[in-house]
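Colleague: Pasting a structure here, questions to come.
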Amino acid sequence: MSPLTQFDVLALRREFPILQQEVNGHRLAFLDSGASSQKPRVVIDCLEDYYRRFNANVHRGVYKLSEEATFAFERARGKVARFVGAASHREIVFVRNTTEAINLVAYSWGGANLGPGDRILLTLMEHHSNIVPWQMLAERTGAHLDYIGLDGEGRLALEELDTKLSERTKLVALTQQSNVLGTINPVRLIAERAHAVGAKVLVDGAQSVPHMPVAVKELGCDFLAFSGHKMCGPTGIGVLWAKRELLEAMPPFLGGGSMIKLVELDHSTYADVPTRFEAGTPAIGEAIALGEAIDFLSGVGMAAIHHYECELLAYALDRLSEVGGLTIYGPSTPVERGAAISFTLDGVHPHDVAAILDSEGVAVRAGHHCTQPLHHHLDVPATTRASFYIYNLAEEVDRLAVGLEKARKLFA
């Protein structure tokens, strides 16, 4: 791996307090950012600052603290809009996470637009959060689910679009980047094909928005969902972006305070978007801190982050190929995948691999990663996953490889 990068990784690591600790006598190597990333000091300080200085509800008070909170909350919405290239801040709906964003679309848009015989097209590599809501919608509406299969390297079998897209297809929902295979999907191409038959397109951006430049206009999608906690922000805050005309035609997802214009005893009228979809008190501090995380990532540069992670991924694929008995899943070419590597080690259960690595201070994920259908397709019950981010180093990849060799020898 080239020592030259577009930002100073060692200096950047110092901005993450949690990375300065030791685990089991070793400096922490955190390789599970695909599940949840670590937080820089500015984000932690921002969240604390909100609760210390101007903790108040938004949109409801005319006193100073409430006005400060409202300004910061709505400013964060604007930051998110610019980050993904939205046409307006009104296209940004704050939710808890990617899962809630997808459920919102399934209940609100899906319930109003799908009926018996309609079809929803997914892929075999989807996270459960982009499968289960559509299964539930199909049960309610009588719609049917189709799936795009995979080729031998974990890429989408795009030739199946010819038979699985039809005038009955109302929605295509897919991940931009697989959380297991790392595969980066050609969203724009698929969106163009979907729109040609009149279908809408939802993109699960949980694994892509934190790691690469993402602009909704370039993707060509209709909905984009992502989570704050995977992109240096807090838990409990996520984002649904949708085209404004779609949001304005969608009924509310939840009812209650804030999302209304007028409430009578027998009926109510609803607020304009996006407030219509933000019932109750929102995650105010978390949204403000997400805005701070976006400032932090933008300061580093999303293109620079993606470039660095591509370098790190290429090094990791080469280094791990030296480990005997290791099977890596997903495309073999780094340019086709993001910085996550799932693997199995012959004769060693993935949970045992993760436990041995933890004894060396290396934190990885083990299990089915909320992708049971994908693991059934791969014919393995579970995998171990190492996922990288802007604060990881080549030497941590070396420690991962050494730990895997240790596991292999222990179970030989």
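In the structure tokens, chains take letters A, B, ... by order of appearance, with residues numbered from 1 within each chain and ligands from 1 in the order shown.
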Dump as JSON lines the rows for residues of range 153-270 of chain A within 9 Å of range 311-333 of chain A: closest atom pair and distance in Å with one decimal, only C-alpha atoms counted, ordered by chain and rising residue number.
Modeller:
```
{"residue": "A:Glu153", "atom": "CA", "partner": "A:Pro331", "partner_atom": "CA", "distance": 4.9}
{"residue": "A:Gly154", "atom": "CA", "partner": "A:Gly330", "partner_atom": "CA", "distance": 4.7}
{"residue": "A:Arg155", "atom": "CA", "partner": "A:Pro331", "partner_atom": "CA", "distance": 6.8}
{"residue": "A:Val180", "atom": "CA", "partner": "A:Gly330", "partner_atom": "CA", "distance": 7.9}
{"residue": "A:Leu181", "atom": "CA", "partner": "A:Gly330", "partner_atom": "CA", "distance": 4.3}
{"residue": "A:Gly182", "atom": "CA", "partner": "A:Gly330", "partner_atom": "CA", "distance": 6.4}
{"residue": "A:Thr183", "atom": "CA", "partner": "A:Gly330", "partner_atom": "CA", "distance": 6.3}
```
Colleague: Hey, could you make a per-residue contact list for range 230-338 of chain A against range 63-69 of chain A with 12 Å as the cut-off, showing the nearest pair of atoms and its distance in Å to one decimal, counting only C-alpha atoms, sorted by chain and number, as CSV?
Modeller:
```
residue,atom,partner,partner_atom,distance
A:Pro282,CA,A:Ala69,CA,11.5
A:Ala283,CA,A:Ala69,CA,11.3
A:Ile284,CA,A:Ala69,CA,7.6
A:Gly285,CA,A:Ala69,CA,8.4
A:Glu286,CA,A:Ala69,CA,11.6
A:Ala287,CA,A:Ala69,CA,10.5
A:Ile288,CA,A:Ala69,CA,8.6
A:Ala289,CA,A:Ala69,CA,11.9
```
Colleague: From the DSSP assignment of the backbone, select every residue of range 204-270 of chain A that is helix (DSSP H, G or I), and format the answer as a list in words.
Modeller: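 Across range 204-270 of chain A, those assigned helix (DSSP H, G or I) are Val216, Lys217, Glu218, Leu219, Arg244, Glu245, Leu246, Leu247, Glu248 and Ala249 of chain A.
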Colleague: Residues as selected, N, CA and C atoms, written as a short mmCIF file (atom, residue, chain, number, x, y, z; two decimals), in the first residue's frame, can you do that?
Modeller:
```cif
data_model
loop_
_atom_site.label_atom_id
_atom_site.label_comp_id
_atom_site.auth_asym_id
_atom_site.auth_seq_id
_atom_site.Cartn_x
_atom_site.Cartn_y
_atom_site.Cartn_z
N VAL A 216 -27.95 12.18 -5.32
CA VAL A 216 -29.18 11.50 -5.72
C VAL A 216 -29.48 11.71 -7.21
N LYS A 217 -29.13 12.86 -7.73
CA LYS A 217 -29.40 13.11 -9.15
C LYS A 217 -28.58 12.17 -10.02
N GLU A 218 -27.32 11.92 -9.63
CA GLU A 218 -26.48 11.02 -10.39
C GLU A 218 -26.92 9.57 -10.25
N LEU A 219 -27.44 9.21 -9.07
CA LEU A 219 -27.96 7.85 -8.91
C LEU A 219 -29.22 7.63 -9.75
N ARG A 244 -39.51 15.49 -3.97
CA ARG A 244 -40.53 16.25 -3.25
C ARG A 244 -41.95 15.91 -3.72
N GLU A 245 -42.12 15.70 -5.02
CA GLU A 245 -43.46 15.40 -5.51
C GLU A 245 -43.98 14.07 -4.98
N LEU A 246 -43.07 13.14 -4.72
CA LEU A 246 -43.48 11.87 -4.13
C LEU A 246 -43.87 12.06 -2.67
N LEU A 247 -43.06 12.80 -1.92
CA LEU A 247 -43.38 13.06 -0.51
C LEU A 247 -44.73 13.77 -0.38
N GLU A 248 -44.97 14.74 -1.24
CA GLU A 248 -46.20 15.51 -1.13
C GLU A 248 -47.44 14.68 -1.43
N ALA A 249 -47.26 13.59 -2.21
CA ALA A 249 -48.39 12.73 -2.53
C ALA A 249 -48.58 11.59 -1.53
#
```
Colleague: What separation in Å, quoted to one decimal, exists between CA of Phe30 in chain A and CA of Arg52 in chain A?
Modeller: 29.8 Å
Colleague: Give me the residues within 12 Å of Ala35 in chain A as an NGL selection string, counting only C-alpha atoms and dropping any in the same chain fewer than 4 places off.
Modeller: :A and (30-31 or 127 or 179-180 or 206-207 or 210 or 227-232 or 235 or 340 or 363-367 or 369-370 or 385-389)
Colleague: Output the selection as a PDB file, in the first residue's frame - C-alpha atoms for each residue.
Modeller:
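The resulting selection.pdb:
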```pdb
ATOM      1  CA  PHE A  30     -11.665  -1.370  15.115  1.00  0.00           C
ATOM      2  CA  LEU A  31     -12.689  -3.212  11.939  1.00  0.00           C
ATOM      3  CA  HIS A 127     -30.030  -6.502   4.225  1.00  0.00           C
ATOM      4  CA  ASN A 179     -22.762  -4.983   3.617  1.00  0.00           C
ATOM      5  CA  VAL A 180     -21.370  -8.520   3.169  1.00  0.00           C
ATOM      6  CA  ALA A 206     -26.369   2.716   4.553  1.00  0.00           C
ATOM      7  CA  GLN A 207     -23.049   1.286   3.328  1.00  0.00           C
ATOM      8  CA  PRO A 210     -20.533   7.152   4.560  1.00  0.00           C
ATOM      9  CA  SER A 227     -28.073   6.119   8.869  1.00  0.00           C
ATOM     10  CA  GLY A 228     -26.079   8.649  10.873  1.00  0.00           C
ATOM     11  CA  HIS A 229     -24.306   6.135  13.093  1.00  0.00           C
ATOM     12  CA  LYS A 230     -22.414   4.595  10.163  1.00  0.00           C
ATOM     13  CA  MET A 231     -21.008   7.963   9.079  1.00  0.00           C
ATOM     14  CA  CYS A 232     -19.401   9.302  12.276  1.00  0.00           C
ATOM     15  CA  THR A 235     -27.189   6.497  16.817  1.00  0.00           C
ATOM     16  CA  ALA A 340     -15.759  -4.558   3.600  1.00  0.00           C
ATOM     17  CA  ALA A 363     -12.744  -6.031  16.518  1.00  0.00           C
ATOM     18  CA  VAL A 364     -14.632  -7.694  13.646  1.00  0.00           C
ATOM     19  CA  ARG A 365     -18.179  -8.903  13.034  1.00  0.00           C
ATOM     20  CA  ALA A 366     -19.343 -12.527  12.905  1.00  0.00           C
ATOM     21  CA  GLY A 367     -22.721 -13.955  11.927  1.00  0.00           C
ATOM     22  CA  HIS A 369     -24.958  -9.794   9.127  1.00  0.00           C
ATOM     23  CA  CYS A 370     -28.758  -9.516   8.688  1.00  0.00           C
ATOM     24  CA  ARG A 385     -16.498  -9.537   8.323  1.00  0.00           C
ATOM     25  CA  ALA A 386     -13.808  -6.901   8.539  1.00  0.00           C
ATOM     26  CA  SER A 387     -15.014  -3.465   7.466  1.00  0.00           C
ATOM     27  CA  PHE A 388     -12.751  -0.434   7.161  1.00  0.00           C
ATOM     28  CA  TYR A 389     -13.145   3.318   7.448  1.00  0.00           C
TER      29      TYR A 389
END
```
Colleague: Write out, as CSV, each residue of range 111-134 of chain A that has an atom at most 12 Å from range 251-256 of chain A, together with the closest pair of atoms and their distance in Å to one decimal, counting only C-alpha atoms, rows going by chain and rising number.
Modeller:
```
residue,atom,partner,partner_atom,distance
A:Gly111,CA,A:Pro251,CA,9.1
A:Ala112,CA,A:Pro251,CA,7.8
A:Asn113,CA,A:Pro251,CA,11.0
```
Colleague: Please write the residues from the selection above to a file, keeping N, CA and C atoms, as a compact mmCIF listing (two decimals), in the first residue's frame.
Modeller:
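Contents of the output file out_8.txt:
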```
# COMPACT_ATOMS: atom_id res chain seq x y z
N GLY A 111 -48.22 1.51 0.51
CA GLY A 111 -49.62 1.25 0.80
C GLY A 111 -50.57 1.99 -0.12
N ALA A 112 -50.12 3.14 -0.63
CA ALA A 112 -50.98 3.95 -1.49
C ALA A 112 -50.84 3.59 -2.97
N ASN A 113 -49.80 2.84 -3.33
CA ASN A 113 -49.51 2.65 -4.74
C ASN A 113 -49.45 1.21 -5.22
```
